[in-house]
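Student: Quick one: structure below, then a few questions.
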Amino acid sequence: MLKHGDIWRAIDRLAEINGLSTSGLAREAGLDATTFNKSKRIAPDGKKRWPSTESLAKIMQATDTDFGDFLALVSKSPVMTRIPAIALADVGKKGKFDDKNQPVGPGWASAKVPGVEYADAFGVIVGKGLEPLYRSGDLLIVAPSAEIRKGDRVMALPATGDAQLKTFVKNIAGKVELAPLSGSGVGKVVSAKSIGMLAKIILIRPI
C-alpha cells in the first residue's frame, strides 16, 4: 500500500542521493522549484496532497532512476546506485583517476549496486588467482573515503604500479602496514607517501 508520507520521504531521499535539495530536484526535472515544498504537501484544510504521476516520472528521468528503484525508496529497501567500474588489472594504468582520485578517462563501465552511500565509491572487477576469497568476475565495491580499521580488506594503489588487494594492519608515523588478504602472514610496512590511494572494500557482488 502506498502511503502519503512514504511517497514524500522517497522524493526527499531521491533528492538527497543525487546531492540536491527538493527544490533543486524539481528544477533539474524541469518543474517549478516549489513543486515539492513541504508546505504544499498538506492543504490548508488538512487534506493530503499527492505528487502527480507526471512529476514523479520527470524526477525519475532526470535522475536516471528506474521505477523499481523509486519503489525501493518508498518501501525503504536498499537503494540501487550506479557506480563506475573497471577491471582490477586496469586500475593502476595511467589516466584512470584525477588528482582527487575520481575516476576519469576511457575504460570505465557502469555497475548497479545496492546500498552504497559513499559518493566516491567505485567497483573493481577481479580476475583469476584470488580464490577462494574471490572468484574471477566478482565485483568489489571500494570507497576511498570510508574509515579503515585493523583487519579491513582494502585496495591499495601505489603511486606507481598495479593495484593490490590487502588486509589493513595499521597506519602510524607516516607508514602503512598491509598484510596478505587472508590476514595471516607477515605484514609489509611501506611509506604512506608511496600509496596513491587506499580504499576500503565495502561490498562484494559475486558473479
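Within each chain, counting starts at residue 1; across the C-alpha cells, chains are named A, B, ... in the order shown, with ligands numbered 1 upward in that order.
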Please list as a PyMOL selection string every residue within 9 Å of Ile148 in chain A, counting only C-alpha atoms and excluding residues in the same chain fewer than 3 positions away.
Tutor: chain A and resi 145+151-154+168+198-200
Student: To test your reading of the structure, identify every residue in range 30-185 of chain A that backbone DSSP assigns to helix (DSSP H, G or I), and report it as JSON, numbers by chain.
Tutor: {"A": [38, 39, 40, 53, 54, 55, 56, 57, 58, 59, 60, 61, 62, 67, 68, 69, 70, 71, 72, 73, 74, 75, 88, 89, 90]}
Student: If we count only C-alpha atoms and set the cut-off at 8 Å, which residues sit around Lys188 in chain A, ignoring sequence neighbours fewer than 6 positions away in its own chain? Please answer as a ChimeraX atom specification.
Tutor: /A:177-179
Student: Please, what distance in Å, to one decimal, runs between CA of Thr167 in chain A and CA of Asp99 in chain A?
Tutor: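 For CA of Thr167 in chain A relative to CA of Asp99 in chain A, the distance reads 24.9 Å.
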Student: Could you name the residues that touch Ala57 in chain A at 10 Å or less, counting only C-alpha atoms, but leaving out those on the same chain fewer than 6 positions away, as a ChimeraX atom specification?
Tutor: /A:29,65-67
Student: With only C-alpha atoms as the atoms that count, which of A:Ala15, A:Val142, A:Leu157, A:Ala163 lies nearest to Ile202 in chain A?
Tutor: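 Closest residue, counting only C-alpha atoms: A:Val142.
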